[in-house]
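Text of input.tsv (TSV, C-alpha atoms) as supplied:
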chain	number	residue	atom	x	y	z
X	1	MET	CA	-12.26	-12.73	16.24
X	2	LYS	CA	-12.68	-9.06	17.15
X	3	LYS	CA	-16.16	-7.65	16.63
X	4	ALA	CA	-16.34	-4.81	14.13
X	5	TYR	CA	-17.94	-2.00	16.11
X	6	LYS	CA	-18.93	1.20	14.34
X	7	HIS	CA	-19.31	3.42	17.40
X	8	ILE	CA	-17.74	3.44	20.85
X	9	PHE	CA	-19.38	5.29	23.72
X	10	PHE	CA	-17.41	6.23	26.85
X	11	ASP	CA	-18.37	7.25	30.33
X	12	LEU	CA	-16.15	10.11	31.57
X	13	ASP	CA	-15.90	10.27	35.37
X	14	HIS	CA	-14.20	7.32	37.05
X	15	THR	CA	-13.51	5.77	33.63
X	16	LEU	CA	-11.18	8.23	31.90
X	17	TRP	CA	-11.15	11.09	34.39
X	18	ASP	CA	-9.90	10.31	37.90
X	19	PHE	CA	-12.79	12.10	39.56
X	20	GLU	CA	-11.99	10.98	43.09
X	21	ARG	CA	-8.51	12.44	42.96
X	22	SER	CA	-9.58	15.84	41.62
X	23	ALA	CA	-12.61	15.99	43.91
X	24	GLU	CA	-10.62	15.03	46.99
X	25	GLU	CA	-7.94	17.62	46.31
X	26	THR	CA	-10.56	20.30	45.67
X	27	LYS	CA	-12.53	19.57	48.85
X	28	ARG	CA	-9.36	19.55	50.93
X	29	GLU	CA	-8.34	22.94	49.51
X	30	LEU	CA	-11.80	24.37	50.23
X	31	PHE	CA	-11.60	23.10	53.80
X	32	GLU	CA	-8.38	25.04	54.28
X	33	THR	CA	-9.13	28.22	52.32
X	34	LEU	CA	-12.60	28.64	53.87
X	35	LYS	CA	-11.11	27.95	57.32
X	36	LEU	CA	-13.59	25.30	58.38
X	37	ARG	CA	-11.39	24.25	61.27
X	38	GLU	CA	-11.90	27.72	62.76
X	39	ARG	CA	-15.66	27.18	62.38
X	40	GLY	CA	-15.49	24.17	64.67
X	41	ILE	CA	-14.86	21.21	62.35
X	42	ALA	CA	-12.00	19.30	63.92
X	43	SER	CA	-10.43	17.89	60.77
X	44	TYR	CA	-10.86	17.48	57.05
X	45	GLU	CA	-11.30	13.73	57.61
X	46	SER	CA	-14.35	14.29	59.81
X	47	PHE	CA	-15.82	16.66	57.20
X	48	ARG	CA	-15.20	14.15	54.44
X	49	GLU	CA	-16.75	11.27	56.37
X	50	THR	CA	-19.98	13.24	56.80
X	51	TYR	CA	-19.95	14.54	53.22
X	52	VAL	CA	-19.59	11.14	51.55
X	53	GLY	CA	-22.89	9.68	52.76
X	54	ILE	CA	-24.83	12.87	52.06
X	55	ASN	CA	-23.35	13.18	48.56
X	56	LEU	CA	-24.20	9.58	47.64
X	57	ALA	CA	-27.79	9.97	48.83
X	58	LEU	CA	-28.25	13.21	46.89
X	59	TRP	CA	-26.78	11.70	43.71
X	60	ALA	CA	-29.31	8.87	43.98
X	61	LEU	CA	-32.11	11.44	44.19
X	62	TYR	CA	-30.65	13.33	41.22
X	63	ARG	CA	-30.50	10.20	39.05
X	64	GLU	CA	-34.14	9.53	39.95
X	65	GLY	CA	-35.10	13.05	38.87
X	66	LYS	CA	-36.20	14.07	42.37
X	67	ILE	CA	-33.82	17.03	42.72
X	68	GLU	CA	-32.17	19.43	40.26
X	69	LYS	CA	-28.41	19.71	39.77
X	70	ALA	CA	-28.24	23.08	41.54
X	71	ASP	CA	-29.90	21.51	44.59
X	72	LEU	CA	-27.46	18.61	44.50
X	73	ASN	CA	-24.39	20.80	44.25
X	74	PHE	CA	-25.49	23.18	47.02
X	75	ARG	CA	-27.04	20.67	49.40
X	76	ARG	CA	-24.12	18.23	49.47
X	77	PHE	CA	-22.08	20.97	51.11
X	78	TYR	CA	-24.75	22.86	53.06
X	79	ASP	CA	-26.31	19.67	54.47
X	80	THR	CA	-22.84	18.50	55.52
X	81	LEU	CA	-22.16	21.81	57.27
X	82	CYS	CA	-25.55	21.68	59.00
X	83	LYS	CA	-24.97	18.16	60.23
X	84	MET	CA	-21.70	19.41	61.72
X	85	GLY	CA	-23.41	22.34	63.43
X	86	ILE	CA	-22.70	25.15	60.93
X	87	TYR	CA	-25.89	26.76	59.55
X	88	ASP	CA	-24.35	29.17	57.06
X	89	ARG	CA	-25.93	29.24	53.59
X	90	SER	CA	-23.32	31.62	52.17
X	91	LEU	CA	-20.56	29.26	53.21
X	92	GLY	CA	-22.41	26.37	51.57
X	93	GLU	CA	-22.75	28.42	48.38
X	94	ALA	CA	-19.05	29.30	48.43
X	95	MET	CA	-18.12	25.64	48.77
X	96	ALA	CA	-20.49	24.60	45.97
X	97	SER	CA	-19.16	27.16	43.48
X	98	GLY	CA	-15.56	26.53	44.49
X	99	PHE	CA	-15.99	22.80	44.03
X	100	ILE	CA	-17.36	23.11	40.49
X	101	GLU	CA	-14.48	25.38	39.51
X	102	GLY	CA	-11.87	23.21	41.14
X	103	ILE	CA	-12.79	19.76	39.85
X	104	SER	CA	-12.72	20.81	36.21
X	105	SER	CA	-9.37	22.59	36.45
X	106	LYS	CA	-7.47	19.81	38.23
X	107	VAL	CA	-6.64	17.46	35.38
X	108	TYR	CA	-6.12	13.93	36.62
X	109	LEU	CA	-6.64	11.16	34.08
X	110	PHE	CA	-6.32	7.44	34.64
X	111	PRO	CA	-3.09	5.92	33.26
X	112	TYR	CA	-3.11	5.40	29.49
X	113	ALA	CA	-6.30	7.42	28.97
X	114	LYS	CA	-4.88	9.58	26.20
X	115	GLU	CA	-2.82	6.80	24.63
X	116	THR	CA	-5.93	4.63	24.43
X	117	LEU	CA	-8.06	7.40	22.97
X	118	GLU	CA	-5.34	8.27	20.47
X	119	TYR	CA	-5.38	4.66	19.28
X	120	LEU	CA	-9.17	4.31	19.19
X	121	TYR	CA	-10.19	7.57	17.56
X	122	ARG	CA	-8.23	6.70	14.44
X	123	LYS	CA	-10.38	3.59	14.06
X	124	TYR	CA	-13.81	4.49	15.45
X	125	PRO	CA	-16.09	7.47	16.06
X	126	LEU	CA	-15.88	8.03	19.82
X	127	HIS	CA	-18.62	9.53	21.98
X	128	ILE	CA	-19.19	10.46	25.63
X	129	ILE	CA	-22.36	9.62	27.58
X	130	THR	CA	-22.30	11.28	31.00
X	131	ASN	CA	-24.55	12.04	33.95
X	132	GLY	CA	-22.16	14.76	35.09
X	133	PHE	CA	-23.04	18.45	35.01
X	134	GLU	CA	-22.91	19.65	31.41
X	135	GLU	CA	-20.72	22.73	31.83
X	136	VAL	CA	-18.29	20.85	34.07
X	137	GLN	CA	-17.92	17.91	31.68
X	138	TYR	CA	-17.18	20.16	28.70
X	139	SER	CA	-14.59	22.04	30.78
X	140	LYS	CA	-12.95	18.76	31.81
X	141	LEU	CA	-12.67	17.59	28.23
X	142	LYS	CA	-11.26	20.92	27.06
X	143	ASN	CA	-8.84	21.38	29.97
X	144	SER	CA	-7.48	17.85	29.56
X	145	GLY	CA	-7.22	18.01	25.77
X	146	MET	CA	-9.52	15.01	25.40
X	147	ASP	CA	-12.16	16.99	23.51
X	148	ARG	CA	-10.33	16.40	20.22
X	149	TYR	CA	-11.01	12.68	20.37
X	150	PHE	CA	-14.80	12.75	20.61
X	151	THR	CA	-17.29	13.16	17.80
X	152	SER	CA	-20.12	13.89	20.24
X	153	VAL	CA	-20.72	14.47	23.93
X	154	ILE	CA	-24.14	13.48	25.26
X	155	THR	CA	-25.04	14.79	28.69
X	156	SER	CA	-28.02	13.79	30.79
X	157	GLU	CA	-29.23	17.39	30.57
X	158	GLU	CA	-29.26	17.30	26.78
X	159	ALA	CA	-30.91	13.87	26.66
X	160	GLY	CA	-33.43	14.66	29.39
X	161	SER	CA	-32.57	11.35	31.01
X	162	LYS	CA	-29.79	9.86	33.13
X	163	LYS	CA	-27.95	6.56	32.91
X	164	PRO	CA	-29.01	3.79	33.42
X	165	ASP	CA	-32.37	4.85	31.95
X	166	ALA	CA	-33.02	3.61	28.43
X	167	GLU	CA	-33.78	7.08	27.08
X	168	ILE	CA	-30.25	8.46	27.32
X	169	PHE	CA	-28.77	5.46	25.50
X	170	GLN	CA	-31.43	5.61	22.81
X	171	PHE	CA	-30.94	9.36	22.45
X	172	SER	CA	-27.19	8.83	22.06
X	173	LEU	CA	-27.68	6.19	19.37
X	174	ARG	CA	-30.19	8.32	17.44
X	175	LYS	CA	-27.96	11.40	17.61
X	176	ASN	CA	-25.11	9.50	15.99
X	177	ASP	CA	-27.11	7.34	13.56
X	178	ALA	CA	-25.75	4.33	15.41
X	179	LEU	CA	-27.23	0.88	15.85
X	180	ALA	CA	-27.10	-0.68	19.30
X	181	SER	CA	-25.82	-3.95	17.82
X	182	GLU	CA	-22.84	-2.13	16.32
X	183	SER	CA	-22.01	-0.03	19.40
X	184	LEU	CA	-19.93	-0.57	22.53
X	185	MET	CA	-20.31	1.14	25.90
X	186	VAL	CA	-17.14	1.62	27.95
X	187	GLY	CA	-17.58	2.48	31.61
X	188	ASP	CA	-16.70	1.83	35.24
X	189	ASP	CA	-20.15	1.35	36.79
X	190	LEU	CA	-21.81	-2.05	36.56
X	191	GLU	CA	-25.31	-0.67	37.10
X	192	VAL	CA	-25.21	2.77	35.51
X	193	ASP	CA	-23.01	1.97	32.49
X	194	MET	CA	-22.97	-1.78	31.95
X	195	ALA	CA	-26.55	-2.75	32.84
X	196	GLY	CA	-27.89	0.35	31.12
X	197	ALA	CA	-26.08	-0.50	27.89
X	198	ARG	CA	-26.95	-4.20	28.05
X	199	GLN	CA	-30.66	-3.42	28.44
X	200	ASN	CA	-30.45	-1.37	25.26
X	201	GLY	CA	-28.75	-4.09	23.20
X	202	MET	CA	-25.25	-2.61	23.36
X	203	ASP	CA	-22.11	-4.60	24.14
X	204	GLN	CA	-20.29	-3.52	27.28
X	205	LEU	CA	-16.64	-3.07	28.23
X	206	TYR	CA	-16.23	-2.84	31.98
X	207	VAL	CA	-13.21	-0.81	33.13
X	208	ASN	CA	-12.57	-2.29	36.56
X	209	HIS	CA	-9.83	0.02	37.82
X	210	GLU	CA	-10.09	-1.26	41.37
X	211	LYS	CA	-10.28	-4.95	40.41
X	212	LYS	CA	-13.56	-5.36	42.29
X	213	LYS	CA	-15.00	-8.85	42.49
X	214	HIS	CA	-18.44	-9.14	40.91
X	215	SER	CA	-20.82	-11.64	39.35
X	216	GLU	CA	-22.22	-9.47	36.56
X	217	GLU	CA	-21.98	-10.67	32.98
X	218	VAL	CA	-20.26	-8.14	30.74
X	219	THR	CA	-19.06	-8.49	27.16
X	220	MET	CA	-15.47	-7.56	28.06
X	221	GLU	CA	-13.57	-6.50	31.16
X	222	VAL	CA	-10.24	-4.75	31.64
X	223	PHE	CA	-8.33	-3.60	34.71
X	224	SER	CA	-6.33	-0.89	32.94
X	225	LEU	CA	-7.23	1.33	30.00
X	226	ASP	CA	-4.28	0.20	27.90
X	227	GLU	CA	-5.77	-3.31	27.75
X	228	ILE	CA	-8.52	-1.91	25.53
X	229	MET	CA	-6.06	-1.48	22.68
X	230	GLY	CA	-5.56	-5.23	22.56
X	231	LEU	CA	-9.29	-5.86	22.34
X	232	LEU	CA	-10.40	-3.34	19.71
What is this structure when it is put down as structure tokens?
Amino acid sequence: MKKAYKHIFFDLDHTLWDFERSAEETKRELFETLKLRERGIASYESFRETYVGINLALWALYREGKIEKADLNFRRFYDTLCKMGIYDRSLGEAMASGFIEGISSKVYLFPYAKETLEYLYRKYPLHIITNGFEEVQYSKLKNSGMDRYFTSVITSEEAGSKKPDAEIFQFSLRKNDALASESLMVGDDLEVDMAGARQNGMDQLYVNHEKKKHSEEVTMEVFSLDEIMGLL
């Protein structure tokens, strides 16, 4: 028997929005337009390889509240350039601003994202809980046309807390007069989305786009967004 949820909360990046595709295309364009090869970087692939580790480390610091979002956005590019021998702050700033503009304008959704939302929003109030930068997330929703489906959008900046911390989930529930026992969290990250929701008494629906093997206990799991329509 299907559980009668009263609220469904979604993660945005990597769940509905194909962040990797839009980010990859944006970084590649910046590499070409800012002529990084002429600055001594042999290839985009070498730039990307250096960037990935730096970006992941900075995101971990951001989630822990140890750096601000402006530092994260600037340093992931400037630190990468420095590691590759280019000590040019203005170039780092140009890459940071260009990246923010680019990722929100390149609309790449996972298959069946809109069809699934169209089905769900007629049955449930839908909400977003995101750690992404506030202005970028609102632009993504508007540019993709997904904004019409969501009753509320809760960002980590608004909540003063980031997933998987309890505060952002509790803030989201309070804002929407929702009970944890009657709410479902839909996301792609086992730690940030699934464990965070579980620790706050919410059921979890794991969207495992890449069919990763894992041993975590989740309430439900799907490998494609359209499978959600058969569960809810």
For this session: Rank X:Glu216, X:Glu167, X:Glu25, X:Glu210 by their smallest atom-to-atom distance to Leu190 of chain X, using only C-alpha atoms, and report the top residue only.
Result: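 Going through X:Glu216, X:Glu167, X:Glu25, X:Glu210 one by one, the smallest distance to Leu190 of chain X is for X:Glu216.
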| said: Need the shell around Glu191 of chain X: protein/DNA/RNA residues with any atom at most 9 Å away, counting all atoms listed in the file. Skip same-chain ones fewer than 3 positions apart. Format as a count of residues only? | reply: 5
Query raised in the report: If you measure from atom CA of Ser224 of chain X to atom CA of Asp18 of chain X, what distance in Å do you get, rounded to one decimal?
Result: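 Interatomic distance here is 12.8 Å.
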Using only C-alpha atoms, the shortest atom-to-atom distance to Glu217 of chain X among X:Leu205, X:Leu109, X:Ala4, X:Cys82 belongs to X:Leu205
Min atom-atom distance to Tyr206 of chain X from the set X:Ala159, X:Tyr149, X:Asp177, X:Leu225, counting only C-alpha atoms, belongs to X:Leu225
With distances taken over all atoms listed in the file, the candidate from X:Arg148, X:Lys27, X:Lys212, X:Lys106 nearest Glu49 of chain X is X:Lys27
Counting all atoms listed in the file, which residues of segment 36-98 of chain X fall within 12 Å of segment 121-137 of chain X, and what is the closest atom pair for each with its distance in Å at one decimal, ordered by chain and rising number, as a tab-separated table?
residue	atom	partner	partner_atom	distance
X:Trp59	CA	X:Asn131	CA	10.0
X:Ala60	CA	X:Asn131	CA	11.5
X:Tyr62	CA	X:Asn131	CA	9.6
X:Arg63	CA	X:Asn131	CA	8.0
X:Glu64	CA	X:Asn131	CA	11.6
X:Gly65	CA	X:Asn131	CA	11.7
X:Glu68	CA	X:Phe133	CA	10.6
X:Lys69	CA	X:Phe133	CA	7.3
X:Ala70	CA	X:Phe133	CA	9.5
X:Leu72	CA	X:Phe133	CA	10.5
X:Asn73	CA	X:Phe133	CA	9.6
X:Ser97	CA	X:Val136	CA	11.4
- Query: Do you have the atom CA of Asn143 of chain X-atom CA of Phe110 of chain X distance handy?
  - Reply: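 Calculated distance between atom CA of Asn143 of chain X and atom CA of Phe110 of chain X is 14.9 Å.
Omitting Gln199 of chain X and its sequence neighbours fewer than 5 positions away, and counting all atoms listed in the file, the residues within 12 Å are Lys163, Pro164, Asp165, Ala166, Glu167, Ile168, Phe169, Gln170, Ala180, Ser181, Met185, Glu191, Val192, Asp193, Met194, Gln204 and Val218 of chain X.
Minimum atom-to-atom distances from X:Ile103, X:Leu179, X:Met95, X:Leu184 to Leu36 of chain X were compared using only C-alpha atoms, and the lowest value belongs to X:Met95.
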For this session: Would you kindly return, as a count of residues only, each protein, DNA or RNA residue with an atom no farther than 12 Å from any atom of Lys3 of chain X, considering all atoms listed in the file and excluding same-chain residues fewer than 4 positions away?
Result: 11
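Within the 9 Å cut-off around Asp226 of chain X, using all atoms listed in the file and omitting residues fewer than 5 positions from it on the same chain, the listed residues are Pro111, Tyr112, Ala113, Glu115 and Thr116 of chain X.
Note that atom CA of Gly85 of chain X and atom CA of Ile67 of chain X are 23.8 Å apart.
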Polymer residues at most 10 Å from Ala94 of chain X, only C-alpha atoms, same-chain spacing of 4 or more positions, as a VMD selection string: chain X and resid 30 34 74 77 to 78 89 to 90 98 to 99
From the list X:Lys66, X:Met84, X:Arg75, X:Ile154, the nearest residue to Phe47 of chain X using all atoms listed in the file is X:Met84
Up to 9 Å from (-4.9, 20.1, 34.9) in the file's coordinates: name the residues, counting only C-alpha atoms, as a PDB file with C-alpha atoms, keeping the file's coordinate frame.
ATOM      1  CA  SER X 104     -12.720  20.810  36.210  1.00  0.00           C
ATOM      2  CA  SER X 105      -9.370  22.590  36.450  1.00  0.00           C
ATOM      3  CA  LYS X 106      -7.470  19.810  38.230  1.00  0.00           C
ATOM      4  CA  VAL X 107      -6.640  17.460  35.380  1.00  0.00           C
ATOM      5  CA  TYR X 108      -6.120  13.930  36.620  1.00  0.00           C
ATOM      6  CA  LYS X 140     -12.950  18.760  31.810  1.00  0.00           C
ATOM      7  CA  ASN X 143      -8.840  21.380  29.970  1.00  0.00           C
ATOM      8  CA  SER X 144      -7.480  17.850  29.560  1.00  0.00           C
TER       9      SER X 144
END
